[in-house]
Amino acid sequence: MTKEDKLSQTLNRMFSLHPKLIDFDLSRLKLLMKKFNNPQNTLQNVIHIAGTNGKGSTASFLKEILENHKLSVNLYTSPHLINFNERIRINNKLISEEKLIKILEEVETKNDNKPITFFEITTAAAIIAFNKYPSDVNIIETGLGGRLDATNIIENKKITIITKIGFDHIEFLGKKIEDIAREKAGIFRKNTPVIIAKQKNKKASETLLACATKLKTEIIKIKNISSNTILGLKGDHQYENASTAYTAAKKILPLLSLSKTKLALEQTTWPGRVHQIEQGKIIDYRKNITILDGAHNEDSAYVLNQYLNKKSLGKWNLIIGMLRNRDIKDFVNIFENHINKVFAITIPDIKSSYTSNQIIIKLKKSGLHVLPAKNLENALQIAEKELPLLITGSLYLAGYTLRFNETKIN
């Protein structure tokens with residue numbers, strides 16, 4: 001059996017330990033971590049990031065800046081796109097299958113088949129890995145929300161960061177933007193400095209500031225980077241994420257080198273986010289630009305619309321797959337003026353995905369020309385090669401597309 005197969009089997013066993021994918025209750029994880037002597041309490045220089053959009057990009061920019069200044073960085077993000085290892089990076093490298101299997105088997109043994117969610121298991125593995133293989137800085141991204149997110153069992157933090165907040169996962173976080181902001185602000189700790197990224201919603205900003213003030217935490221003012229700076233990630237919105245990361249880096253290293261910082265920002269990558277596909281299998285089907293983006297909520301649709309406006313390439317074809325808990329019509333309507341045809345696909349192996357026919361029914365009143373496709377390859381075959389192409393609607397679709405394209409993530 002290969003290491004990849006063994007890892008897959010281990011993850012599948014752990015996935016079955018709880019009937020729900022999401023179940024907010026920190027007691028299960030706290031009990032498990034107690035059996036490991038609470039390694040979350042000994043992690044040093046933890047930077048904890050919550051938000052609706054921009055968490056991963058901000059974390060990536062920050063990681064690159066710190067590493068370019070010779071600091072070692074451990075990074076925990078979610079979800080993964082192709083391989084589970086993407087979630088846990090140890091000193092700039094994906095954790096090896098060997099190390100990950102060993103840690104997961106330890107977690108499995110200590111948990112002793114008790115109910116626990118998959119994300120709680122993966123968070124436990126990340127914390128244990130960071131403890132076994134320490135770094136100068138540990139960057140940890142929440143999975144969903146903040147207050148009751150599994151990552152929030154960490155009490156001692158160097159900095160907390162809130163990226164842009166919008167409406168997402170309202171079934172768990174609340175229908176009002178103030179409720180969502182309060183949940184995100186649950187990662188704040190007394191006397192721990194907080195960085196709040198520029199917010200689109202005034203009520204979200206006010207709520208976050210009120211939560212920070214109540215705890216008497218230092219609110220660090222954002223230091224904006226120049227719009228002339230070259231970024232490795234595409235889209236004007238990335239300047240806000242880069243500025244947030246730069247502000248955090250400045251707090252850790254007040255004497256940042258400008259040249260090293262610029263180089264770091266330019267070489268930052270984050271797959272599946274306004275990702276231009278320039279090599280791989282998909283290129284065989286194309287004679288124009290192909291953009292892949294894991295956008296799946298209205299705020300990220302606005303970001304896509306800004307990008308499409310700036311590109312000025314005329315009408316785009318759209319390949320879309322989405323989860324049923326999303327309003328696909330409202331999502332597409334935000335950038336529909338840029339769309340020539342829509343090719344609807346079912347995301348493979350995702351039970352909660354809209355079927356291609358369901359997408360057609362949802363979008364038929366929009367006036368768009370919507371066609372069913374059997375799968376991604378079929379959509380690529382029937383979409384005009386000469387028109388620019390956007391593939392979006394879900395991070396699961398982004399991951400599937402990258403796997404189909406045989407893209408490597410390092």
# chains A, B, ... in the order shown; residues from 1 in each chain; ligands from 1
$ closest_atom_pairs --of "range 28-81 of chain A" --to "range 385-403 of chain A" --cutoff "10 Å" --atoms "only C-alpha atoms" --output "Markdown table"
| residue | atom | partner | partner_atom | distance |
| --- | --- | --- | --- | --- |
| A:Pro79 | CA | A:Leu395 | CA | 8.0 |
| A:His80 | CA | A:Gly399 | CA | 7.6 |
| A:Leu81 | CA | A:Gly399 | CA | 4.0 |
$ select_by_dssp --residues "range 30-151 of chain A" --states "helix (DSSP H, G or I)" --output "count of residues only"
58
$ select_by_dssp --residues "range 114-293 of chain A" --states "strand (DSSP E)" --output "PDB file with all heavy atoms, in the first residue's frame"
ATOM      1  N   VAL A 137       7.201  31.376  13.759  1.00  0.00           N
ATOM      2  CA  VAL A 137       5.836  31.914  13.741  1.00  0.00           C
ATOM      3  C   VAL A 137       4.870  30.824  13.292  1.00  0.00           C
ATOM      4  O   VAL A 137       5.182  30.038  12.393  1.00  0.00           O
ATOM      5  CB  VAL A 137       5.727  33.121  12.773  1.00  0.00           C
ATOM      6  CG1 VAL A 137       4.288  33.649  12.720  1.00  0.00           C
ATOM      7  CG2 VAL A 137       6.678  34.241  13.182  1.00  0.00           C
ATOM      8  N   ASN A 138       3.700  30.767  13.928  1.00  0.00           N
ATOM      9  CA  ASN A 138       2.639  29.829  13.548  1.00  0.00           C
ATOM     10  C   ASN A 138       1.426  30.623  13.081  1.00  0.00           C
ATOM     11  O   ASN A 138       0.799  31.341  13.861  1.00  0.00           O
ATOM     12  CB  ASN A 138       2.238  28.962  14.746  1.00  0.00           C
ATOM     13  CG  ASN A 138       3.364  28.054  15.200  1.00  0.00           C
ATOM     14  OD1 ASN A 138       3.708  27.092  14.524  1.00  0.00           O
ATOM     15  ND2 ASN A 138       3.961  28.359  16.348  1.00  0.00           N
ATOM     16  N   ILE A 139       1.101  30.494  11.785  1.00  0.00           N
ATOM     17  CA  ILE A 139      -0.060  31.184  11.227  1.00  0.00           C
ATOM     18  C   ILE A 139      -1.201  30.181  11.129  1.00  0.00           C
ATOM     19  O   ILE A 139      -1.059  29.124  10.510  1.00  0.00           O
ATOM     20  CB  ILE A 139       0.239  31.763   9.831  1.00  0.00           C
ATOM     21  CG1 ILE A 139       1.425  32.728   9.896  1.00  0.00           C
ATOM     22  CG2 ILE A 139      -0.993  32.479   9.277  1.00  0.00           C
ATOM     23  CD1 ILE A 139       1.888  33.233   8.531  1.00  0.00           C
ATOM     24  N   ILE A 140      -2.328  30.508  11.755  1.00  0.00           N
ATOM     25  CA  ILE A 140      -3.450  29.568  11.836  1.00  0.00           C
ATOM     26  C   ILE A 140      -4.729  30.259  11.375  1.00  0.00           C
ATOM     27  O   ILE A 140      -5.120  31.294  11.903  1.00  0.00           O
ATOM     28  CB  ILE A 140      -3.604  29.032  13.273  1.00  0.00           C
ATOM     29  CG1 ILE A 140      -2.350  28.195  13.629  1.00  0.00           C
ATOM     30  CG2 ILE A 140      -4.871  28.211  13.425  1.00  0.00           C
ATOM     31  CD1 ILE A 140      -2.310  27.674  15.031  1.00  0.00           C
ATOM     32  N   GLU A 141      -5.358  29.660  10.379  1.00  0.00           N
ATOM     33  CA  GLU A 141      -6.590  30.201   9.799  1.00  0.00           C
ATOM     34  C   GLU A 141      -7.788  29.449  10.353  1.00  0.00           C
ATOM     35  O   GLU A 141      -7.758  28.212  10.456  1.00  0.00           O
ATOM     36  CB  GLU A 141      -6.513  30.045   8.276  1.00  0.00           C
ATOM     37  CG  GLU A 141      -7.744  30.464   7.525  1.00  0.00           C
ATOM     38  CD  GLU A 141      -7.729  29.984   6.074  1.00  0.00           C
ATOM     39  OE1 GLU A 141      -6.651  29.987   5.455  1.00  0.00           O
ATOM     40  OE2 GLU A 141      -8.798  29.603   5.567  1.00  0.00           O
ATOM     41  N   ILE A 159      -0.923  37.866  17.612  1.00  0.00           N
ATOM     42  CA  ILE A 159      -1.757  38.824  16.901  1.00  0.00           C
ATOM     43  C   ILE A 159      -3.017  38.086  16.432  1.00  0.00           C
ATOM     44  O   ILE A 159      -2.952  36.910  16.072  1.00  0.00           O
ATOM     45  CB  ILE A 159      -1.045  39.390  15.644  1.00  0.00           C
ATOM     46  CG1 ILE A 159       0.276  40.082  16.001  1.00  0.00           C
ATOM     47  CG2 ILE A 159      -1.945  40.373  14.882  1.00  0.00           C
ATOM     48  CD1 ILE A 159       1.120  40.438  14.767  1.00  0.00           C
ATOM     49  N   THR A 160      -4.157  38.785  16.420  1.00  0.00           N
ATOM     50  CA  THR A 160      -5.335  38.249  15.750  1.00  0.00           C
ATOM     51  C   THR A 160      -5.657  39.165  14.564  1.00  0.00           C
ATOM     52  O   THR A 160      -5.437  40.380  14.629  1.00  0.00           O
ATOM     53  CB  THR A 160      -6.559  38.154  16.683  1.00  0.00           C
ATOM     54  OG1 THR A 160      -6.824  39.434  17.250  1.00  0.00           O
ATOM     55  CG2 THR A 160      -6.311  37.150  17.799  1.00  0.00           C
ATOM     56  N   ILE A 161      -6.133  38.561  13.486  1.00  0.00           N
ATOM     57  CA  ILE A 161      -6.434  39.302  12.259  1.00  0.00           C
ATOM     58  C   ILE A 161      -7.850  38.969  11.806  1.00  0.00           C
ATOM     59  O   ILE A 161      -8.242  37.795  11.798  1.00  0.00           O
ATOM     60  CB  ILE A 161      -5.450  38.931  11.123  1.00  0.00           C
ATOM     61  CG1 ILE A 161      -4.014  39.321  11.494  1.00  0.00           C
ATOM     62  CG2 ILE A 161      -5.865  39.596   9.812  1.00  0.00           C
ATOM     63  CD1 ILE A 161      -2.976  38.845  10.477  1.00  0.00           C
ATOM     64  N   ILE A 162      -8.601  39.998  11.431  1.00  0.00           N
ATOM     65  CA  ILE A 162      -9.912  39.786  10.813  1.00  0.00           C
ATOM     66  C   ILE A 162      -9.848  40.332   9.394  1.00  0.00           C
ATOM     67  O   ILE A 162      -9.583  41.520   9.182  1.00  0.00           O
ATOM     68  CB  ILE A 162     -11.044  40.503  11.576  1.00  0.00           C
ATOM     69  CG1 ILE A 162     -11.103  40.034  13.040  1.00  0.00           C
ATOM     70  CG2 ILE A 162     -12.385  40.259  10.878  1.00  0.00           C
ATOM     71  CD1 ILE A 162     -11.594  38.628  13.246  1.00  0.00           C
ATOM     72  N   VAL A 194      -4.932  43.388  17.672  1.00  0.00           N
ATOM     73  CA  VAL A 194      -5.805  42.931  16.595  1.00  0.00           C
ATOM     74  C   VAL A 194      -5.638  43.832  15.377  1.00  0.00           C
ATOM     75  O   VAL A 194      -5.480  45.044  15.499  1.00  0.00           O
ATOM     76  CB  VAL A 194      -7.282  42.888  17.052  1.00  0.00           C
ATOM     77  CG1 VAL A 194      -7.763  44.252  17.521  1.00  0.00           C
ATOM     78  CG2 VAL A 194      -8.184  42.387  15.932  1.00  0.00           C
ATOM     79  N   ILE A 195      -5.645  43.197  14.210  1.00  0.00           N
ATOM     80  CA  ILE A 195      -5.617  43.927  12.940  1.00  0.00           C
ATOM     81  C   ILE A 195      -6.938  43.657  12.240  1.00  0.00           C
ATOM     82  O   ILE A 195      -7.301  42.495  12.011  1.00  0.00           O
ATOM     83  CB  ILE A 195      -4.444  43.459  12.054  1.00  0.00           C
ATOM     84  CG1 ILE A 195      -3.114  43.740  12.753  1.00  0.00           C
ATOM     85  CG2 ILE A 195      -4.483  44.156  10.693  1.00  0.00           C
ATOM     86  CD1 ILE A 195      -1.922  43.090  12.081  1.00  0.00           C
ATOM     87  N   ILE A 196      -7.667  44.719  11.935  1.00  0.00           N
ATOM     88  CA  ILE A 196      -8.955  44.583  11.257  1.00  0.00           C
ATOM     89  C   ILE A 196      -8.813  45.148   9.846  1.00  0.00           C
ATOM     90  O   ILE A 196      -8.555  46.342   9.668  1.00  0.00           O
ATOM     91  CB  ILE A 196     -10.067  45.334  12.027  1.00  0.00           C
ATOM     92  CG1 ILE A 196     -10.206  44.751  13.442  1.00  0.00           C
ATOM     93  CG2 ILE A 196     -11.397  45.237  11.267  1.00  0.00           C
ATOM     94  CD1 ILE A 196     -11.139  45.537  14.350  1.00  0.00           C
ATOM     95  N   ILE A 219      -5.701  48.040  18.816  1.00  0.00           N
ATOM     96  CA  ILE A 219      -6.163  47.932  17.430  1.00  0.00           C
ATOM     97  C   ILE A 219      -5.092  48.556  16.542  1.00  0.00           C
ATOM     98  O   ILE A 219      -4.839  49.757  16.596  1.00  0.00           O
ATOM     99  CB  ILE A 219      -7.513  48.647  17.232  1.00  0.00           C
ATOM    100  CG1 ILE A 219      -8.568  48.030  18.164  1.00  0.00           C
ATOM    101  CG2 ILE A 219      -7.961  48.538  15.776  1.00  0.00           C
ATOM    102  CD1 ILE A 219      -9.858  48.825  18.252  1.00  0.00           C
ATOM    103  N   ILE A 220      -4.440  47.712  15.746  1.00  0.00           N
ATOM    104  CA  ILE A 220      -3.319  48.166  14.917  1.00  0.00           C
ATOM    105  C   ILE A 220      -3.858  48.762  13.620  1.00  0.00           C
ATOM    106  O   ILE A 220      -4.622  48.120  12.902  1.00  0.00           O
ATOM    107  CB  ILE A 220      -2.355  47.001  14.604  1.00  0.00           C
ATOM    108  CG1 ILE A 220      -1.878  46.340  15.905  1.00  0.00           C
ATOM    109  CG2 ILE A 220      -1.176  47.483  13.783  1.00  0.00           C
ATOM    110  CD1 ILE A 220      -1.115  45.053  15.694  1.00  0.00           C
ATOM    111  N   HIS A 275      -6.940  32.440 -10.532  1.00  0.00           N
ATOM    112  CA  HIS A 275      -5.786  31.637 -10.933  1.00  0.00           C
ATOM    113  C   HIS A 275      -5.795  31.467 -12.453  1.00  0.00           C
ATOM    114  O   HIS A 275      -6.683  30.809 -12.995  1.00  0.00           O
ATOM    115  CB  HIS A 275      -5.893  30.287 -10.218  1.00  0.00           C
ATOM    116  CG  HIS A 275      -4.811  29.321 -10.529  1.00  0.00           C
ATOM    117  ND1 HIS A 275      -4.567  28.212  -9.757  1.00  0.00           N
ATOM    118  CD2 HIS A 275      -3.894  29.259 -11.529  1.00  0.00           C
ATOM    119  CE1 HIS A 275      -3.574  27.513 -10.274  1.00  0.00           C
ATOM    120  NE2 HIS A 275      -3.151  28.137 -11.352  1.00  0.00           N
ATOM    121  N   GLN A 276      -4.828  32.054 -13.121  1.00  0.00           N
ATOM    122  CA  GLN A 276      -4.752  31.909 -14.578  1.00  0.00           C
ATOM    123  C   GLN A 276      -4.067  30.592 -14.910  1.00  0.00           C
ATOM    124  O   GLN A 276      -2.927  30.342 -14.510  1.00  0.00           O
ATOM    125  CB  GLN A 276      -3.987  33.074 -15.205  1.00  0.00           C
ATOM    126  CG  GLN A 276      -3.984  33.025 -16.727  1.00  0.00           C
ATOM    127  CD  GLN A 276      -3.472  34.300 -17.364  1.00  0.00           C
ATOM    128  OE1 GLN A 276      -3.522  35.368 -16.764  1.00  0.00           O
ATOM    129  NE2 GLN A 276      -2.970  34.207 -18.590  1.00  0.00           N
ATOM    130  N   THR A 290      -7.800  31.436 -19.546  1.00  0.00           N
ATOM    131  CA  THR A 290      -8.665  30.622 -18.683  1.00  0.00           C
ATOM    132  C   THR A 290      -8.389  31.005 -17.234  1.00  0.00           C
ATOM    133  O   THR A 290      -7.251  30.917 -16.777  1.00  0.00           O
ATOM    134  CB  THR A 290      -8.390  29.117 -18.867  1.00  0.00           C
ATOM    135  OG1 THR A 290      -8.565  28.780 -20.244  1.00  0.00           O
ATOM    136  CG2 THR A 290      -9.322  28.280 -18.009  1.00  0.00           C
ATOM    137  N   ILE A 291      -9.430  31.448 -16.530  1.00  0.00           N
ATOM    138  CA  ILE A 291      -9.300  31.844 -15.130  1.00  0.00           C
ATOM    139  C   ILE A 291     -10.111  30.890 -14.261  1.00  0.00           C
ATOM    140  O   ILE A 291     -11.291  30.618 -14.536  1.00  0.00           O
ATOM    141  CB  ILE A 291      -9.791  33.298 -14.911  1.00  0.00           C
ATOM    142  CG1 ILE A 291      -8.879  34.289 -15.638  1.00  0.00           C
ATOM    143  CG2 ILE A 291      -9.858  33.629 -13.410  1.00  0.00           C
ATOM    144  CD1 ILE A 291      -7.461  34.378 -15.108  1.00  0.00           C
ATOM    145  N   LEU A 292      -9.475  30.389 -13.218  1.00  0.00           N
ATOM    146  CA  LEU A 292     -10.128  29.525 -12.228  1.00  0.00           C
ATOM    147  C   LEU A 292     -10.227  30.276 -10.912  1.00  0.00           C
ATOM    148  O   LEU A 292      -9.234  30.858 -10.453  1.00  0.00           O
ATOM    149  CB  LEU A 292      -9.310  28.241 -12.037  1.00  0.00           C
ATOM    150  CG  LEU A 292      -9.745  27.314 -10.901  1.00  0.00           C
ATOM    151  CD1 LEU A 292     -11.109  26.707 -11.186  1.00  0.00           C
ATOM    152  CD2 LEU A 292      -8.699  26.221 -10.684  1.00  0.00           C
ATOM    153  N   ASP A 293     -11.416  30.276 -10.310  1.00  0.00           N
ATOM    154  CA  ASP A 293     -11.563  30.944  -9.018  1.00  0.00           C
ATOM    155  C   ASP A 293     -12.550  30.181  -8.141  1.00  0.00           C
ATOM    156  O   ASP A 293     -13.614  29.755  -8.607  1.00  0.00           O
ATOM    157  CB  ASP A 293     -12.041  32.387  -9.198  1.00  0.00           C
ATOM    158  CG  ASP A 293     -11.899  33.201  -7.926  1.00  0.00           C
ATOM    159  OD1 ASP A 293     -10.830  33.803  -7.738  1.00  0.00           O
ATOM    160  OD2 ASP A 293     -12.833  33.217  -7.117  1.00  0.00           O
TER     161      ASP A 293
END
$ closest_residue --among "A:Lys250, A:Lys234, A:Arg286, A:Lys30" --to "Gly272 in chain A" --atoms "only C-alpha atoms"
A:Lys234
$ residues_around --residues "Lys216 in chain A" --least-positions-apart "2" --cutoff "9 Å" --atoms "only C-alpha atoms" --output "ChimeraX atom specification"
/A:190-192,211-214,218-219
$ write_last_selection --atoms "N, CA and C atoms" --output "mmCIF file, in the first residue's frame"
data_model
loop_
_atom_site.group_PDB
_atom_site.id
_atom_site.type_symbol
_atom_site.label_atom_id
_atom_site.label_comp_id
_atom_site.auth_asym_id
_atom_site.auth_seq_id
_atom_site.Cartn_x
_atom_site.Cartn_y
_atom_site.Cartn_z
ATOM 1 N N LYS A 190 -7.859 39.232 25.323
ATOM 2 C CA LYS A 190 -7.485 40.427 26.086
ATOM 3 C C LYS A 190 -5.983 40.677 25.948
ATOM 4 N N ASN A 191 -5.639 41.907 25.683
ATOM 5 C CA ASN A 191 -4.232 42.354 25.575
ATOM 6 C C ASN A 191 -3.487 41.754 24.379
ATOM 7 N N THR A 192 -4.222 41.143 23.447
ATOM 8 C CA THR A 192 -3.595 40.647 22.210
ATOM 9 C C THR A 192 -3.934 41.609 21.080
ATOM 10 N N CYS A 211 -16.016 45.106 19.808
ATOM 11 C CA CYS A 211 -15.549 43.877 20.478
ATOM 12 C C CYS A 211 -14.098 44.023 20.934
ATOM 13 N N ALA A 212 -13.274 44.623 20.094
ATOM 14 C CA ALA A 212 -11.863 44.817 20.447
ATOM 15 C C ALA A 212 -11.720 45.808 21.597
ATOM 16 N N THR A 213 -12.490 46.877 21.550
ATOM 17 C CA THR A 213 -12.437 47.911 22.598
ATOM 18 C C THR A 213 -12.869 47.338 23.944
ATOM 19 N N LYS A 214 -13.910 46.501 23.917
ATOM 20 C CA LYS A 214 -14.410 45.882 25.149
ATOM 21 C C LYS A 214 -13.332 45.048 25.835
ATOM 22 N N GLU A 218 -5.183 46.255 21.748
ATOM 23 C CA GLU A 218 -4.622 47.259 20.850
ATOM 24 C C GLU A 218 -5.148 47.010 19.439
ATOM 25 N N ILE A 219 -5.701 48.040 18.816
ATOM 26 C CA ILE A 219 -6.163 47.932 17.430
ATOM 27 C C ILE A 219 -5.092 48.556 16.542
#
$ residues_around --residues "Lys110 in chain A" --least-positions-apart "3" --cutoff "10 Å" --atoms "only C-alpha atoms" --output "PyMOL selection string"
chain A and resi 32-36+104-107+113-114
$ write_last_selection --atoms "C-alpha atoms" --output "tab-separated table (two decimals), in the first residue's frame"
chain	number	residue	atom	x	y	z
A	32	LEU	CA	-8.66	15.17	23.09
A	33	MET	CA	-5.87	17.76	23.40
A	34	LYS	CA	-5.73	17.20	27.15
A	35	LYS	CA	-4.64	13.63	26.36
A	36	PHE	CA	-1.67	15.15	24.48
A	104	LEU	CA	-3.17	11.14	12.59
A	105	GLU	CA	-2.74	7.60	13.92
A	106	GLU	CA	-1.69	9.03	17.30
A	107	VAL	CA	-4.79	11.24	17.26
A	113	ASN	CA	-13.47	6.26	18.43
A	114	LYS	CA	-15.27	9.02	20.33
$ residues_around --residues "Leu231 in chain A" --least-positions-apart "2" --cutoff "10 Å" --atoms "only C-alpha atoms" --output "PyMOL selection string"
chain A and resi 61+227-229+233-236+238-239+242+262-269
$ residues_around --residues "range 370-381 of chain A" --least-positions-apart "3" --cutoff "7 Å" --atoms "only C-alpha atoms" --output "VMD selection string"
chain A and resid 285 319 341 to 346 356 to 357 360
$ write_last_selection --atoms "all heavy atoms" --output "mmCIF file, in the first residue's frame"
data_model
loop_
_atom_site.group_PDB
_atom_site.id
_atom_site.type_symbol
_atom_site.label_atom_id
_atom_site.label_comp_id
_atom_site.auth_asym_id
_atom_site.auth_seq_id
_atom_site.Cartn_x
_atom_site.Cartn_y
_atom_site.Cartn_z
ATOM 1 N N TYR A 285 -7.480 22.475 -24.699
ATOM 2 C CA TYR A 285 -8.842 22.824 -25.129
ATOM 3 C C TYR A 285 -9.008 24.317 -25.393
ATOM 4 O O TYR A 285 -10.099 24.758 -25.756
ATOM 5 C CB TYR A 285 -9.848 22.427 -24.034
ATOM 6 C CG TYR A 285 -9.879 20.962 -23.708
ATOM 7 C CD1 TYR A 285 -9.033 20.429 -22.732
ATOM 8 C CD2 TYR A 285 -10.769 20.099 -24.346
ATOM 9 C CE1 TYR A 285 -9.069 19.075 -22.414
ATOM 10 C CE2 TYR A 285 -10.809 18.752 -24.035
ATOM 11 C CZ TYR A 285 -9.954 18.247 -23.063
ATOM 12 O OH TYR A 285 -9.999 16.906 -22.751
ATOM 13 N N ILE A 319 -18.002 28.275 -16.881
ATOM 14 C CA ILE A 319 -18.276 26.911 -16.407
ATOM 15 C C ILE A 319 -18.522 27.026 -14.916
ATOM 16 O O ILE A 319 -17.666 27.542 -14.179
ATOM 17 C CB ILE A 319 -17.103 25.954 -16.697
ATOM 18 C CG1 ILE A 319 -16.885 25.803 -18.203
ATOM 19 C CG2 ILE A 319 -17.368 24.585 -16.059
ATOM 20 C CD1 ILE A 319 -15.674 24.948 -18.574
ATOM 21 N N LYS A 341 -22.009 32.522 -22.498
ATOM 22 C CA LYS A 341 -22.774 31.299 -22.245
ATOM 23 C C LYS A 341 -22.356 30.723 -20.897
ATOM 24 O O LYS A 341 -21.216 30.894 -20.456
ATOM 25 C CB LYS A 341 -22.504 30.242 -23.323
ATOM 26 C CG LYS A 341 -23.031 30.578 -24.706
ATOM 27 C CD LYS A 341 -22.628 29.474 -25.693
ATOM 28 C CE LYS A 341 -22.996 29.847 -27.111
ATOM 29 N NZ LYS A 341 -22.446 28.868 -28.085
ATOM 30 N N VAL A 342 -23.286 29.997 -20.293
ATOM 31 C CA VAL A 342 -23.017 29.298 -19.037
ATOM 32 C C VAL A 342 -23.071 27.799 -19.303
ATOM 33 O O VAL A 342 -24.038 27.297 -19.894
ATOM 34 C CB VAL A 342 -24.054 29.659 -17.953
ATOM 35 C CG1 VAL A 342 -23.750 28.903 -16.654
ATOM 36 C CG2 VAL A 342 -24.087 31.159 -17.701
ATOM 37 N N PHE A 343 -22.045 27.085 -18.866
ATOM 38 C CA PHE A 343 -22.014 25.628 -18.975
ATOM 39 C C PHE A 343 -22.125 25.065 -17.558
ATOM 40 O O PHE A 343 -21.213 25.238 -16.734
ATOM 41 C CB PHE A 343 -20.736 25.173 -19.669
ATOM 42 C CG PHE A 343 -20.624 25.707 -21.076
ATOM 43 C CD1 PHE A 343 -20.007 26.928 -21.320
ATOM 44 C CD2 PHE A 343 -21.177 25.016 -22.146
ATOM 45 C CE1 PHE A 343 -19.930 27.444 -22.611
ATOM 46 C CE2 PHE A 343 -21.114 25.522 -23.440
ATOM 47 C CZ PHE A 343 -20.488 26.742 -23.674
ATOM 48 N N ALA A 344 -23.262 24.451 -17.274
ATOM 49 C CA ALA A 344 -23.562 23.983 -15.920
ATOM 50 C C ALA A 344 -23.078 22.559 -15.725
ATOM 51 O O ALA A 344 -23.382 21.674 -16.526
ATOM 52 C CB ALA A 344 -25.070 24.059 -15.682
ATOM 53 N N ILE A 345 -22.319 22.334 -14.642
ATOM 54 C CA ILE A 345 -21.847 20.974 -14.349
ATOM 55 C C ILE A 345 -22.125 20.617 -12.893
ATOM 56 O O ILE A 345 -22.234 21.488 -12.021
ATOM 57 C CB ILE A 345 -20.338 20.791 -14.650
ATOM 58 C CG1 ILE A 345 -19.467 21.629 -13.709
ATOM 59 C CG2 ILE A 345 -20.026 21.112 -16.097
ATOM 60 C CD1 ILE A 345 -17.989 21.311 -13.831
ATOM 61 N N THR A 346 -22.246 19.329 -12.653
ATOM 62 C CA THR A 346 -22.337 18.789 -11.295
ATOM 63 C C THR A 346 -20.912 18.572 -10.800
ATOM 64 O O THR A 346 -20.093 17.989 -11.519
ATOM 65 C CB THR A 346 -23.090 17.445 -11.297
ATOM 66 O OG1 THR A 346 -24.333 17.606 -11.968
ATOM 67 C CG2 THR A 346 -23.310 16.940 -9.886
ATOM 68 N N SER A 356 -26.376 19.662 -12.823
ATOM 69 C CA SER A 356 -26.360 20.606 -13.940
ATOM 70 C C SER A 356 -27.783 21.059 -14.286
ATOM 71 O O SER A 356 -28.008 22.241 -14.589
ATOM 72 C CB SER A 356 -25.677 19.982 -15.159
ATOM 73 O OG SER A 356 -26.342 18.806 -15.562
ATOM 74 N N ASN A 357 -28.754 20.153 -14.187
ATOM 75 C CA ASN A 357 -30.145 20.521 -14.492
ATOM 76 C C ASN A 357 -30.715 21.485 -13.460
ATOM 77 O O ASN A 357 -31.485 22.391 -13.802
ATOM 78 C CB ASN A 357 -31.027 19.270 -14.572
ATOM 79 C CG ASN A 357 -30.813 18.511 -15.867
ATOM 80 O OD1 ASN A 357 -30.428 19.098 -16.878
ATOM 81 N ND2 ASN A 357 -31.057 17.212 -15.837
ATOM 82 N N ILE A 360 -29.486 24.911 -14.332
ATOM 83 C CA ILE A 360 -30.233 25.454 -15.475
ATOM 84 C C ILE A 360 -31.573 26.026 -15.016
ATOM 85 O O ILE A 360 -31.970 27.134 -15.407
ATOM 86 C CB ILE A 360 -30.436 24.368 -16.547
ATOM 87 C CG1 ILE A 360 -29.086 24.036 -17.207
ATOM 88 C CG2 ILE A 360 -31.440 24.819 -17.609
ATOM 89 C CD1 ILE A 360 -29.122 22.805 -18.079
#
$ atom_distance --atom1 "CA of Lys184 in chain A" --atom2 "CA of Gly166 in chain A"
10.8 Å
$ closest_residue --among "A:Asn317, A:Ala301, A:Ile282, A:Ser352" --to "Phe404 in chain A" --atoms "only C-alpha atoms"
A:Ile282
$ residues_around --residues "Asp25 in chain A" --least-positions-apart "3" --cutoff "9 Å" --atoms "only C-alpha atoms" --output "PyMOL selection string"
chain A and resi 28-29+148-150
$ closest_residue --among "A:Ser96, A:Asn131, A:Thr2, A:Ser243" --to "Thr42 in chain A" --atoms "only C-alpha atoms"
A:Asn131
$ closest_residue --among "A:Asn405, A:Gln306, A:Ser135, A:Ser60" --to "Ile90 in chain A" --atoms "only C-alpha atoms"
A:Ser135
$ closest_residue --among "A:Ser205, A:Thr217, A:Thr163, A:Ser312" --to "Thr244 in chain A" --atoms "only C-alpha atoms"
A:Thr163
$ closest_residue --among "A:Ser226, A:Ser259, A:Ser16, A:Thr117" --to "His69 in chain A" --atoms "only C-alpha atoms"
A:Ser259
